[in-house]
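> Once you've had a glance at the structure underneath, I'll fire off some questions.
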Amino acid sequence: MELDERKEKILKAIIQTYLETGEPVGSRTISKYSDLQLSSATIRNEMSDLEELGYIIQPHTSAGRIPSDKGYRFYVDQLMKEKENEVTEMQELVIQRVDRVELLLKQLAKLLAVNTNYATMISGPQYHHTKLKFIQLSRVEAGKLLIVTVLEGNIIKNSIVRLDAELNDDEILNLNILLNNSLNGLTIEQINLDVISNMKEQAGDRRQVVDLVLNEVAEAIRANEEDLQIYTEGTTNIFKYPELSDGQKASQLISTLEQKELLKNLFTESGEGSEKHEIQVYIGNETPVQSMQDCSVVTANYVLGDGLRGTIGIIGPKRMDYEKVVSTLRSLMSQLEDR
């Protein structure tokens with residue numbers, strides 16, 4: 001027999017209350033602390049049904065009820081299902097959000113290129129010192145474990161690891177609780193030896209699984225911090241300026257704007273230690289990218305919601321209209337701040 005919604009809520013309330021207090025739970029307690037808005041008599045009837053179905057037991061006559069193994073199993077299965085649904089919903093929201101942000105940045109790059117008549121580049125938003133938000137372990141098949149790592153900004157990374165020994169549902173649940181209690185809100189730098197040792201001690205025979213998970217979490221955080229998207233627009237504007245339109249110079253410059261690894265140096269220098277919205281101007285040899293040393297580059301850091309940061313750059317001749325470029329970037333930073 002499947003439990004109806006009311007019985008499910010009462011069973012969940014009994015288990016959660018028992019987990020908190022360790023004392024048998026009565027109908028009056030459930031009526032007082034649950035949002036069911038049912039009388040004690042109605043709750044007593046439902047508890048009798050749950051007892052007949054084997055989900056709760058009465059340890060002593062006239063005492064309240066405590067969960068049975070069957071009740072715990074139902075609770076754990078429901079909990080895991082809810083968490084899986086939460087992660088799925090979060091993934092869908094993140095995909096939508098990433099698509100919107102990517103479209104916004106591409107549009108901004110194009111708008112800046114048109115307004116300034118220079119080449120523009122924008123780095124996709126990243127977290128610096130990314131914090132861990134949530135971990136979920138789930139069995140996908142015999143000997144394989146799915147690790148879902150959620151980073152701040154609701155960035156989700158999935159990985160699958162092979163296990164030497166099978167884990168049962170209770171062991172997976174306990175590891176989920178241990179990992180989240182120990183790691184939530186920490187950066188990779190804060191997951192130190194003391195944290196790891198304490199987790200392994202609590203994991204006991206499953207300490208090897210903790211090692212596997214920590215390796216995947218560290219990789220997810222590093223990959224997020226190193227995965228830099230760069231959007232460029234207006235590269236052909238370079239040909240409008242004689243000092244840059246020389247065949248070889250123009251070719252090198254356009255090639256540079258198409259190579260993410262070369263641009264990383266510029267964005268890294270612009271972002272590190274810089275204040276939010278700080279504008280920096282690189283003239284000629286000051287530019288950290290060799291092929292841009294006949295140009296001037298103006299950069300500004302932007303911040304989107306939840307602390308996501310990136311950099312906008314405008315590349316033009318050394319005789320660029322600095323006043324217009326700086327004014328345009330300040331106005332844009334202000335608009336992004338309001339989003």
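As shown in the structure tokens, the chain order sets the letters A, B, ...; within each chain, residues go from 1, and ligands are also counted from 1 in the order they appear.
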I need the alpha helix (DSSP H) residues of region 198-304 of chain A per DSSP on the backbone, written as a VMD selection string.
chain A and resid 198 to 203 207 to 226 242 to 245 247 to 257 260 to 271
> I'd like the contact shell of Ile66 (chain A) - 6 Å cut-off, only C-alpha atoms, skipping same-chain residues fewer than 4 positions apart - returned as a list in words.
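Skipping anything fewer than 4 positions along the chain leaves Pro24, Ile56 and Ile57 of chain A.
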> Write out, as a PDB file, in the first residue's frame, the residues just selected, with C-alpha atoms.

```
ATOM      1  CA  PRO A  24       9.001   8.508  21.386  1.00  0.00           C
ATOM      2  CA  ILE A  56       6.420   3.085  13.133  1.00  0.00           C
ATOM      3  CA  ILE A  57       6.341   1.090  16.354  1.00  0.00           C
TER       4      ILE A  57
END
```
> May I ask for the distance between CA of Tyr231 (chain A) and CA of Leu132 (chain A), given in Å to one decimal place?
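Spanning CA of Tyr231 (chain A) to CA of Leu132 (chain A) is a straight-line distance of 27.2 Å.
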> Pick from A:Ile315, A:Val289, A:Val303, A:Leu104: nearest to Leu244 (chain A), with only C-alpha atoms counted?
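That would be A:Ile315, the residue with the smallest distance to Leu244 (chain A).
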> Counting only C-alpha atoms, figure out which residue out of A:Gly185, A:Gly204, A:Gly316, A:Gly64 gets nearest to Tyr241 (chain A).
A:Gly316
> For the atom pair CA of Gln252 (chain A) and CA of Gly310 (chain A), what is the interatomic distance in Å to one decimal place?
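Here the two named atoms are 24.8 Å from each other.
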> What lies within 10 Å of Lys260 (chain A) using only C-alpha atoms, ignoring chain neighbours under 6 positions off, as a list in words?
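Non-adjacent residues within range: Ser123, Leu228, Gln229, Ile230 and Tyr231 of chain A.
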> Residues of the last selection are to be written out with all heavy atoms, as a PDB file, in the first residue's frame.

```pdb
ATOM      1  N   SER A 123      35.746  38.715 -21.034  1.00  0.00           N
ATOM      2  CA  SER A 123      35.894  37.373 -20.466  1.00  0.00           C
ATOM      3  C   SER A 123      34.604  36.983 -19.763  1.00  0.00           C
ATOM      4  O   SER A 123      33.945  37.807 -19.128  1.00  0.00           O
ATOM      5  CB  SER A 123      37.068  37.328 -19.483  1.00  0.00           C
ATOM      6  OG  SER A 123      36.773  38.066 -18.314  1.00  0.00           O
ATOM      7  N   LEU A 228      38.237  29.685 -18.877  1.00  0.00           N
ATOM      8  CA  LEU A 228      37.972  31.096 -19.200  1.00  0.00           C
ATOM      9  C   LEU A 228      37.379  31.211 -20.605  1.00  0.00           C
ATOM     10  O   LEU A 228      38.009  30.843 -21.586  1.00  0.00           O
ATOM     11  CB  LEU A 228      39.278  31.901 -19.113  1.00  0.00           C
ATOM     12  CG  LEU A 228      39.169  33.408 -19.332  1.00  0.00           C
ATOM     13  CD1 LEU A 228      38.334  34.048 -18.241  1.00  0.00           C
ATOM     14  CD2 LEU A 228      40.551  34.034 -19.388  1.00  0.00           C
ATOM     15  N   GLN A 229      36.144  31.719 -20.669  1.00  0.00           N
ATOM     16  CA  GLN A 229      35.511  32.003 -21.959  1.00  0.00           C
ATOM     17  C   GLN A 229      35.798  33.453 -22.340  1.00  0.00           C
ATOM     18  O   GLN A 229      35.701  34.348 -21.502  1.00  0.00           O
ATOM     19  CB  GLN A 229      33.996  31.787 -21.865  1.00  0.00           C
ATOM     20  CG  GLN A 229      33.589  30.352 -21.600  1.00  0.00           C
ATOM     21  CD  GLN A 229      33.967  29.433 -22.739  1.00  0.00           C
ATOM     22  OE1 GLN A 229      33.824  29.791 -23.907  1.00  0.00           O
ATOM     23  NE2 GLN A 229      34.462  28.255 -22.417  1.00  0.00           N
ATOM     24  N   ILE A 230      36.155  33.675 -23.600  1.00  0.00           N
ATOM     25  CA  ILE A 230      36.438  35.040 -24.060  1.00  0.00           C
ATOM     26  C   ILE A 230      35.656  35.303 -25.343  1.00  0.00           C
ATOM     27  O   ILE A 230      35.678  34.502 -26.274  1.00  0.00           O
ATOM     28  CB  ILE A 230      37.941  35.253 -24.315  1.00  0.00           C
ATOM     29  CG1 ILE A 230      38.727  35.051 -23.015  1.00  0.00           C
ATOM     30  CG2 ILE A 230      38.203  36.654 -24.873  1.00  0.00           C
ATOM     31  CD1 ILE A 230      40.229  35.155 -23.168  1.00  0.00           C
ATOM     32  N   TYR A 231      34.939  36.430 -25.365  1.00  0.00           N
ATOM     33  CA  TYR A 231      34.136  36.817 -26.531  1.00  0.00           C
ATOM     34  C   TYR A 231      34.771  38.062 -27.148  1.00  0.00           C
ATOM     35  O   TYR A 231      35.048  39.039 -26.444  1.00  0.00           O
ATOM     36  CB  TYR A 231      32.693  37.104 -26.098  1.00  0.00           C
ATOM     37  CG  TYR A 231      32.107  36.011 -25.240  1.00  0.00           C
ATOM     38  CD1 TYR A 231      32.032  36.152 -23.853  1.00  0.00           C
ATOM     39  CD2 TYR A 231      31.656  34.818 -25.801  1.00  0.00           C
ATOM     40  CE1 TYR A 231      31.518  35.140 -23.057  1.00  0.00           C
ATOM     41  CE2 TYR A 231      31.136  33.805 -25.018  1.00  0.00           C
ATOM     42  CZ  TYR A 231      31.067  33.970 -23.640  1.00  0.00           C
ATOM     43  OH  TYR A 231      30.560  32.953 -22.863  1.00  0.00           O
TER      44      TYR A 231
END
```
> Set the distance at 10 Å and use only C-alpha atoms: which residues neighbour Ser291 (chain A) once local chain neighbours fewer than 2 positions away are removed? I'd like the list as a PyMOL selection string.
chain A and resi 249-257+262+284-285+287-289+293-295
> Report, in Å to a single decimal, how far apart CA of Ile314 (chain A) and CA of Glu278 (chain A) are.
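Taking CA of Glu278 (chain A) as the start and CA of Ile314 (chain A) as the end point, the length is 14.1 Å.
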> Between A:Lys264, A:Arg44, A:Lys133, A:Lys32, which is the closest to Ile156 (chain A) once you count only C-alpha atoms?
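Among the listed residues, the smallest separation from Ile156 (chain A) belongs to A:Lys133.
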> Skipping near chain neighbours, those fewer than 5 positions away, what residues fall within 9 Å of Thr116 (chain A) using only C-alpha atoms, listed as a PDB file with N, CA, C and O atoms, in the first residue's frame?

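File produced: around_35.pdb:
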```pdb
ATOM      1  N   LEU A 111      28.230  45.729 -29.033  1.00  0.00           N
ATOM      2  CA  LEU A 111      27.829  47.121 -28.798  1.00  0.00           C
ATOM      3  C   LEU A 111      29.046  48.017 -28.573  1.00  0.00           C
ATOM      4  O   LEU A 111      29.137  49.117 -29.134  1.00  0.00           O
ATOM      5  N   ILE A 314      39.191  46.870 -24.338  1.00  0.00           N
ATOM      6  CA  ILE A 314      39.043  47.583 -25.615  1.00  0.00           C
ATOM      7  C   ILE A 314      40.441  47.813 -26.171  1.00  0.00           C
ATOM      8  O   ILE A 314      41.318  48.340 -25.479  1.00  0.00           O
ATOM      9  N   ASP A 321      40.772  57.391 -28.495  1.00  0.00           N
ATOM     10  CA  ASP A 321      40.039  58.424 -27.753  1.00  0.00           C
ATOM     11  C   ASP A 321      39.828  57.903 -26.323  1.00  0.00           C
ATOM     12  O   ASP A 321      38.809  57.322 -25.984  1.00  0.00           O
ATOM     13  N   LYS A 324      36.643  58.973 -24.334  1.00  0.00           N
ATOM     14  CA  LYS A 324      35.410  58.293 -24.747  1.00  0.00           C
ATOM     15  C   LYS A 324      35.393  56.845 -24.251  1.00  0.00           C
ATOM     16  O   LYS A 324      34.369  56.352 -23.768  1.00  0.00           O
ATOM     17  N   VAL A 325      36.530  56.154 -24.373  1.00  0.00           N
ATOM     18  CA  VAL A 325      36.600  54.750 -23.963  1.00  0.00           C
ATOM     19  C   VAL A 325      36.359  54.600 -22.467  1.00  0.00           C
ATOM     20  O   VAL A 325      35.563  53.763 -22.026  1.00  0.00           O
ATOM     21  N   THR A 328      32.746  55.352 -21.643  1.00  0.00           N
ATOM     22  CA  THR A 328      31.871  54.255 -22.081  1.00  0.00           C
ATOM     23  C   THR A 328      31.940  53.088 -21.104  1.00  0.00           C
ATOM     24  O   THR A 328      30.914  52.504 -20.726  1.00  0.00           O
TER      25      THR A 328
END
```
> Rank nothing, just name the residue among A:Leu212, A:Ile122, A:Leu79, A:Ile172 nearest to Gln107 (chain A), using only C-alpha atoms.
A:Ile122
> Using only C-alpha atoms, determine which residues lie at most 7 Å from Ile15 (chain A), disregarding the query and same-chain residues fewer than 4 positions distant; provide the list as a PyMOL selection string.
chain A and resi 11+19+67
> Considering only C-alpha atoms, return as a CSV table (one decimal) with all heavy atoms, in the first residue's frame whatever protein or nucleic-acid residues lie within 12 Å of Leu183 (chain A), sequence-local ones (same chain, fewer than 6 positions apart) excluded.

```
chain,number,residue,atom,x,y,z
A,131,LYS,N,34.0,28.8,-3.7
A,131,LYS,CA,33.5,28.0,-2.5
A,131,LYS,C,32.6,26.9,-2.9
A,131,LYS,O,31.9,26.9,-3.9
A,131,LYS,CB,32.8,28.9,-1.6
A,131,LYS,CG,33.6,30.0,-0.9
A,131,LYS,CD,32.8,30.8,0.1
A,131,LYS,CE,33.7,31.9,0.7
A,131,LYS,NZ,32.9,32.8,1.6
A,132,LEU,N,32.7,25.8,-2.1
A,132,LEU,CA,31.9,24.6,-2.4
A,132,LEU,C,30.5,24.9,-1.7
A,132,LEU,O,30.4,25.3,-0.6
A,132,LEU,CB,32.6,23.4,-1.7
A,132,LEU,CG,32.0,22.1,-2.0
A,132,LEU,CD1,32.0,21.7,-3.5
A,132,LEU,CD2,32.7,21.0,-1.2
A,133,LYS,N,29.5,24.6,-2.5
A,133,LYS,CA,28.1,24.8,-2.0
A,133,LYS,C,27.4,23.5,-1.6
A,133,LYS,O,26.7,23.5,-0.6
A,133,LYS,CB,27.3,25.6,-3.0
A,133,LYS,CG,26.0,26.1,-2.6
A,133,LYS,CD,25.4,27.0,-3.6
A,133,LYS,CE,24.1,27.6,-3.2
A,133,LYS,NZ,23.5,28.5,-4.2
A,134,PHE,N,27.6,22.5,-2.3
A,134,PHE,CA,26.8,21.2,-2.1
A,134,PHE,C,27.5,20.1,-2.8
A,134,PHE,O,28.0,20.2,-3.9
A,134,PHE,CB,25.4,21.4,-2.5
A,134,PHE,CG,24.5,20.2,-2.4
A,134,PHE,CD1,24.1,19.8,-1.1
A,134,PHE,CD2,24.1,19.5,-3.5
A,134,PHE,CE1,23.3,18.7,-0.9
A,134,PHE,CE2,23.3,18.4,-3.3
A,134,PHE,CZ,22.8,18.0,-2.0
A,135,ILE,N,27.4,18.9,-2.2
A,135,ILE,CA,27.9,17.6,-2.8
A,135,ILE,C,26.8,16.6,-2.7
A,135,ILE,O,26.2,16.5,-1.7
A,135,ILE,CB,29.2,17.1,-2.1
A,135,ILE,CG1,30.3,18.1,-2.2
A,135,ILE,CG2,29.6,15.8,-2.7
A,135,ILE,CD1,31.5,17.7,-1.4
A,136,GLN,N,26.6,15.9,-3.8
A,136,GLN,CA,25.7,14.7,-3.7
A,136,GLN,C,26.3,13.5,-4.3
A,136,GLN,O,26.8,13.5,-5.5
A,136,GLN,CB,24.4,15.0,-4.4
A,136,GLN,CG,23.4,13.8,-4.3
A,136,GLN,CD,22.1,14.1,-4.9
A,136,GLN,OE1,21.5,15.2,-4.6
A,136,GLN,NE2,21.6,13.2,-5.7
A,149,THR,N,29.0,18.0,-7.9
A,149,THR,CA,29.6,19.1,-7.1
A,149,THR,C,28.9,20.4,-7.5
A,149,THR,O,29.0,20.8,-8.7
A,149,THR,CB,31.1,19.1,-7.3
A,149,THR,OG1,31.7,17.9,-7.0
A,149,THR,CG2,31.7,20.2,-6.4
A,150,VAL,N,28.3,21.1,-6.5
A,150,VAL,CA,27.7,22.4,-6.8
A,150,VAL,C,28.6,23.5,-6.2
A,150,VAL,O,28.8,23.5,-5.0
A,150,VAL,CB,26.3,22.5,-6.3
A,150,VAL,CG1,25.6,23.8,-6.6
A,150,VAL,CG2,25.4,21.3,-6.8
A,151,LEU,N,29.1,24.4,-7.0
A,151,LEU,CA,29.9,25.5,-6.5
A,151,LEU,C,29.1,26.8,-6.4
A,151,LEU,O,28.0,26.8,-6.9
A,151,LEU,CB,31.1,25.7,-7.5
A,151,LEU,CG,31.9,24.5,-7.9
A,151,LEU,CD1,32.9,24.8,-9.0
A,151,LEU,CD2,32.6,23.9,-6.7
A,175,LEU,N,27.8,9.3,4.1
A,175,LEU,CA,28.9,10.0,3.4
A,175,LEU,C,28.4,11.4,2.9
A,175,LEU,O,29.1,12.4,3.0
A,175,LEU,CB,29.4,9.2,2.3
A,175,LEU,CG,30.4,8.0,2.7
A,175,LEU,CD1,30.6,7.1,1.5
A,175,LEU,CD2,31.7,8.5,3.2
A,176,ASN,N,27.2,11.4,2.4
A,176,ASN,CA,26.6,12.7,1.9
A,176,ASN,C,26.6,13.7,3.1
A,176,ASN,O,26.9,14.9,2.9
A,176,ASN,CB,25.2,12.5,1.3
A,176,ASN,CG,25.3,12.2,-0.2
A,176,ASN,OD1,26.0,12.7,-0.9
A,176,ASN,ND2,24.5,11.2,-0.6
A,177,ILE,N,26.1,13.2,4.2
A,177,ILE,CA,26.0,14.1,5.4
A,177,ILE,C,27.3,14.6,5.8
A,177,ILE,O,27.6,15.8,6.1
A,177,ILE,CB,25.2,13.4,6.5
A,177,ILE,CG1,23.7,13.2,6.1
A,177,ILE,CG2,25.3,14.2,7.8
A,177,ILE,CD1,23.0,12.2,7.0
A,189,GLU,N,41.5,26.1,-0.8
A,189,GLU,CA,42.6,26.4,0.1
A,189,GLU,C,42.3,26.1,1.5
A,189,GLU,O,43.1,25.8,2.3
A,189,GLU,CB,43.0,27.9,0.0
A,189,GLU,CG,43.6,28.3,-1.3
A,189,GLU,CD,42.6,28.6,-2.4
A,189,GLU,OE1,41.3,28.6,-2.1
A,189,GLU,OE2,42.9,28.9,-3.6
A,190,GLN,N,41.0,26.1,1.8
A,190,GLN,CA,40.5,25.9,3.2
A,190,GLN,C,40.3,24.4,3.5
A,190,GLN,O,40.2,24.1,4.7
A,190,GLN,CB,39.2,26.7,3.5
A,190,GLN,CG,39.4,28.2,3.5
A,190,GLN,CD,38.1,28.9,3.5
A,190,GLN,OE1,37.1,28.5,2.9
A,190,GLN,NE2,38.0,30.0,4.2
A,191,ILE,N,40.3,23.6,2.5
A,191,ILE,CA,40.2,22.1,2.7
A,191,ILE,C,41.6,21.6,3.1
A,191,ILE,O,42.3,21.1,2.2
A,191,ILE,CB,39.6,21.4,1.5
A,191,ILE,CG1,38.2,22.0,1.1
A,191,ILE,CG2,39.4,19.9,1.8
A,191,ILE,CD1,37.6,21.5,-0.1
A,192,ASN,N,42.0,21.8,4.3
A,192,ASN,CA,43.4,21.5,4.7
A,192,ASN,C,43.5,20.1,5.3
A,192,ASN,O,42.5,19.4,5.4
A,192,ASN,CB,43.9,22.6,5.7
A,192,ASN,CG,42.9,22.7,6.9
A,192,ASN,OD1,42.4,21.8,7.4
A,192,ASN,ND2,42.8,23.9,7.4
A,194,ASP,N,43.8,19.1,8.4
A,194,ASP,CA,43.0,18.9,9.6
A,194,ASP,C,41.6,18.5,9.1
A,194,ASP,O,41.0,17.6,9.7
A,194,ASP,CB,42.9,20.1,10.5
A,194,ASP,CG,44.2,20.4,11.2
A,194,ASP,OD1,45.0,19.4,11.3
A,194,ASP,OD2,44.5,21.5,11.7
A,195,VAL,N,41.0,19.2,8.2
A,195,VAL,CA,39.7,18.9,7.7
A,195,VAL,C,39.6,17.5,7.1
A,195,VAL,O,38.7,16.7,7.4
A,195,VAL,CB,39.2,20.0,6.6
A,195,VAL,CG1,37.9,19.6,6.0
A,195,VAL,CG2,39.1,21.4,7.2
A,196,ILE,N,40.6,17.2,6.3
A,196,ILE,CA,40.7,15.9,5.6
A,196,ILE,C,40.8,14.8,6.6
A,196,ILE,O,40.1,13.8,6.5
A,196,ILE,CB,41.8,15.9,4.5
A,196,ILE,CG1,41.5,16.9,3.4
A,196,ILE,CG2,42.0,14.5,3.9
A,196,ILE,CD1,42.6,17.1,2.5
A,198,ASN,N,40.0,14.7,9.8
A,198,ASN,CA,38.8,14.6,10.6
A,198,ASN,C,37.7,13.8,9.8
A,198,ASN,O,37.0,13.0,10.3
A,198,ASN,CB,38.3,16.0,11.0
A,198,ASN,CG,37.1,15.9,11.9
A,198,ASN,OD1,37.1,15.1,12.9
A,198,ASN,ND2,36.1,16.7,11.7
A,199,MET,N,37.6,14.1,8.5
A,199,MET,CA,36.6,13.5,7.7
A,199,MET,C,36.9,12.0,7.5
A,199,MET,O,36.1,11.1,7.6
A,199,MET,CB,36.6,14.1,6.3
A,199,MET,CG,35.9,15.5,6.2
A,199,MET,SD,36.1,16.2,4.6
A,199,MET,CE,35.2,15.1,3.6
A,210,VAL,N,36.2,8.9,0.6
A,210,VAL,CA,36.5,10.4,0.9
A,210,VAL,C,37.6,10.9,0.0
A,210,VAL,O,37.5,12.0,-0.5
A,210,VAL,CB,36.8,10.6,2.4
A,210,VAL,CG1,37.2,12.0,2.6
A,210,VAL,CG2,35.5,10.3,3.2
A,213,VAL,N,36.4,11.3,-3.6
A,213,VAL,CA,35.5,12.5,-3.7
A,213,VAL,C,36.3,13.8,-3.6
A,213,VAL,O,36.0,14.7,-4.4
A,213,VAL,CB,34.4,12.5,-2.6
A,213,VAL,CG1,33.6,13.8,-2.6
A,213,VAL,CG2,33.5,11.3,-2.8
A,214,LEU,N,37.2,13.9,-2.7
A,214,LEU,CA,38.0,15.1,-2.5
A,214,LEU,C,38.8,15.4,-3.8
A,214,LEU,O,38.9,16.6,-4.2
A,214,LEU,CB,39.0,15.0,-1.3
A,214,LEU,CG,38.3,15.1,0.1
A,214,LEU,CD1,39.3,14.8,1.1
A,214,LEU,CD2,37.7,16.5,0.3
A,217,VAL,N,36.3,16.9,-6.2
A,217,VAL,CA,35.9,18.2,-5.8
A,217,VAL,C,37.0,19.2,-6.2
A,217,VAL,O,36.7,20.3,-6.7
A,217,VAL,CB,35.5,18.2,-4.3
A,217,VAL,CG1,35.4,19.7,-3.8
A,217,VAL,CG2,34.3,17.5,-4.0
A,218,ALA,N,38.2,18.9,-5.8
A,218,ALA,CA,39.3,19.8,-6.1
A,218,ALA,C,39.5,20.0,-7.6
A,218,ALA,O,39.7,21.2,-8.1
A,218,ALA,CB,40.6,19.2,-5.6
```
> Measuring atom to atom with only C-alpha atoms, identify which of A:Ser296, A:Ser27, A:Asn237, A:Ser159 is nearest to Ala119 (chain A).
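Closest residue, counting only C-alpha atoms: A:Asn237.
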> Nearest to Leu186 (chain A): which of A:Met320, A:Asp77, A:Pro242, A:Glu152 is it, counting only C-alpha atoms?
A:Glu152
> I need the residues of region 96-186 of chain A that end up classed as strand (DSSP E) by DSSP on the backbone, written out as a ChimeraX atom specification.
/A:119-123,132-141,144-151,155-162
> Kindly save the residues from that selection, with N, CA, C and O atoms included, as a compact mmCIF listing (two decimals), in the first residue's frame.

```
# COMPACT_ATOMS: atom_id res chain seq x y z
N ALA A 119 38.49 47.24 -31.42
CA ALA A 119 38.24 45.82 -31.15
C ALA A 119 37.91 45.67 -29.65
O ALA A 119 38.45 46.41 -28.81
N THR A 120 37.02 44.75 -29.35
CA THR A 120 36.64 44.54 -27.95
C THR A 120 36.73 43.06 -27.58
O THR A 120 36.61 42.19 -28.45
N MET A 121 36.94 42.81 -26.31
CA MET A 121 36.94 41.43 -25.80
C MET A 121 36.39 41.44 -24.38
O MET A 121 36.62 42.37 -23.60
N ILE A 122 35.63 40.40 -24.07
CA ILE A 122 35.03 40.28 -22.74
C ILE A 122 35.25 38.85 -22.26
O ILE A 122 34.98 37.89 -22.98
N SER A 123 35.75 38.71 -21.03
CA SER A 123 35.89 37.37 -20.47
C SER A 123 34.60 36.98 -19.76
O SER A 123 33.94 37.81 -19.13
N LEU A 132 32.70 25.82 -2.13
CA LEU A 132 31.87 24.64 -2.36
C LEU A 132 30.51 24.85 -1.72
O LEU A 132 30.42 25.30 -0.57
N LYS A 133 29.47 24.57 -2.46
CA LYS A 133 28.11 24.81 -1.96
C LYS A 133 27.39 23.53 -1.56
O LYS A 133 26.66 23.49 -0.57
N PHE A 134 27.59 22.45 -2.33
CA PHE A 134 26.83 21.23 -2.06
C PHE A 134 27.48 20.05 -2.78
O PHE A 134 28.02 20.21 -3.88
N ILE A 135 27.44 18.88 -2.17
CA ILE A 135 27.92 17.65 -2.80
C ILE A 135 26.83 16.60 -2.71
O ILE A 135 26.18 16.48 -1.66
N GLN A 136 26.61 15.85 -3.76
CA GLN A 136 25.69 14.72 -3.70
C GLN A 136 26.32 13.50 -4.34
O GLN A 136 26.79 13.55 -5.47
N LEU A 137 26.33 12.41 -3.58
CA LEU A 137 26.80 11.12 -4.09
C LEU A 137 25.59 10.26 -4.41
O LEU A 137 24.65 10.19 -3.63
N SER A 138 25.61 9.59 -5.56
CA SER A 138 24.52 8.69 -5.95
C SER A 138 25.11 7.50 -6.68
O SER A 138 26.08 7.63 -7.42
N ARG A 139 24.52 6.35 -6.49
CA ARG A 139 24.96 5.16 -7.21
C ARG A 139 24.37 5.18 -8.61
O ARG A 139 23.18 5.39 -8.78
N VAL A 140 25.19 4.98 -9.63
CA VAL A 140 24.67 4.93 -11.00
C VAL A 140 24.57 3.50 -11.50
O VAL A 140 23.68 3.15 -12.25
N GLU A 141 25.51 2.67 -11.07
CA GLU A 141 25.46 1.24 -11.38
C GLU A 141 26.47 0.56 -10.46
O GLU A 141 27.19 1.23 -9.72
N LYS A 144 30.08 1.95 -9.43
CA LYS A 144 30.27 3.32 -9.92
C LYS A 144 29.47 4.31 -9.09
O LYS A 144 28.32 4.03 -8.73
N LEU A 145 30.09 5.45 -8.81
CA LEU A 145 29.45 6.47 -7.98
C LEU A 145 29.45 7.80 -8.74
O LEU A 145 30.47 8.23 -9.27
N LEU A 146 28.26 8.43 -8.82
CA LEU A 146 28.14 9.75 -9.42
C LEU A 146 28.38 10.80 -8.35
O LEU A 146 27.76 10.77 -7.29
N ILE A 147 29.29 11.73 -8.63
CA ILE A 147 29.57 12.84 -7.71
C ILE A 147 29.11 14.13 -8.36
O ILE A 147 29.62 14.54 -9.40
N VAL A 148 28.10 14.76 -7.77
CA VAL A 148 27.61 16.05 -8.25
C VAL A 148 28.16 17.12 -7.31
O VAL A 148 27.88 17.11 -6.11
N THR A 149 28.97 18.02 -7.85
CA THR A 149 29.57 19.09 -7.06
C THR A 149 28.95 20.41 -7.48
O THR A 149 29.01 20.78 -8.66
N VAL A 150 28.33 21.11 -6.53
CA VAL A 150 27.72 22.41 -6.81
C VAL A 150 28.59 23.50 -6.18
O VAL A 150 28.80 23.49 -4.97
N LEU A 151 29.09 24.40 -7.01
CA LEU A 151 29.93 25.50 -6.54
C LEU A 151 29.10 26.76 -6.41
O LEU A 151 28.00 26.84 -6.95
N ILE A 155 27.15 26.70 -10.03
CA ILE A 155 27.88 26.03 -11.11
C ILE A 155 27.99 24.56 -10.76
O ILE A 155 28.43 24.21 -9.66
N ILE A 156 27.56 23.69 -11.66
CA ILE A 156 27.47 22.26 -11.36
C ILE A 156 28.48 21.47 -12.18
O ILE A 156 28.60 21.65 -13.39
N LYS A 157 29.21 20.61 -11.51
CA LYS A 157 30.18 19.71 -12.15
C LYS A 157 29.82 18.27 -11.78
O LYS A 157 29.61 17.96 -10.61
N ASN A 158 29.75 17.40 -12.79
CA ASN A 158 29.45 15.98 -12.56
C ASN A 158 30.67 15.13 -12.88
O ASN A 158 31.39 15.41 -13.84
N SER A 159 30.88 14.08 -12.11
CA SER A 159 31.94 13.12 -12.42
C SER A 159 31.53 11.76 -11.89
O SER A 159 30.72 11.65 -10.97
N ILE A 160 32.09 10.72 -12.51
CA ILE A 160 31.80 9.35 -12.08
C ILE A 160 33.10 8.68 -11.70
O ILE A 160 34.10 8.77 -12.44
N VAL A 161 33.12 8.01 -10.53
CA VAL A 161 34.32 7.31 -10.08
C VAL A 161 33.99 5.83 -9.88
O VAL A 161 32.85 5.46 -9.61
N ARG A 162 35.01 5.00 -10.02
CA ARG A 162 34.87 3.56 -9.79
C ARG A 162 35.24 3.25 -8.34
O ARG A 162 36.19 3.80 -7.80
```
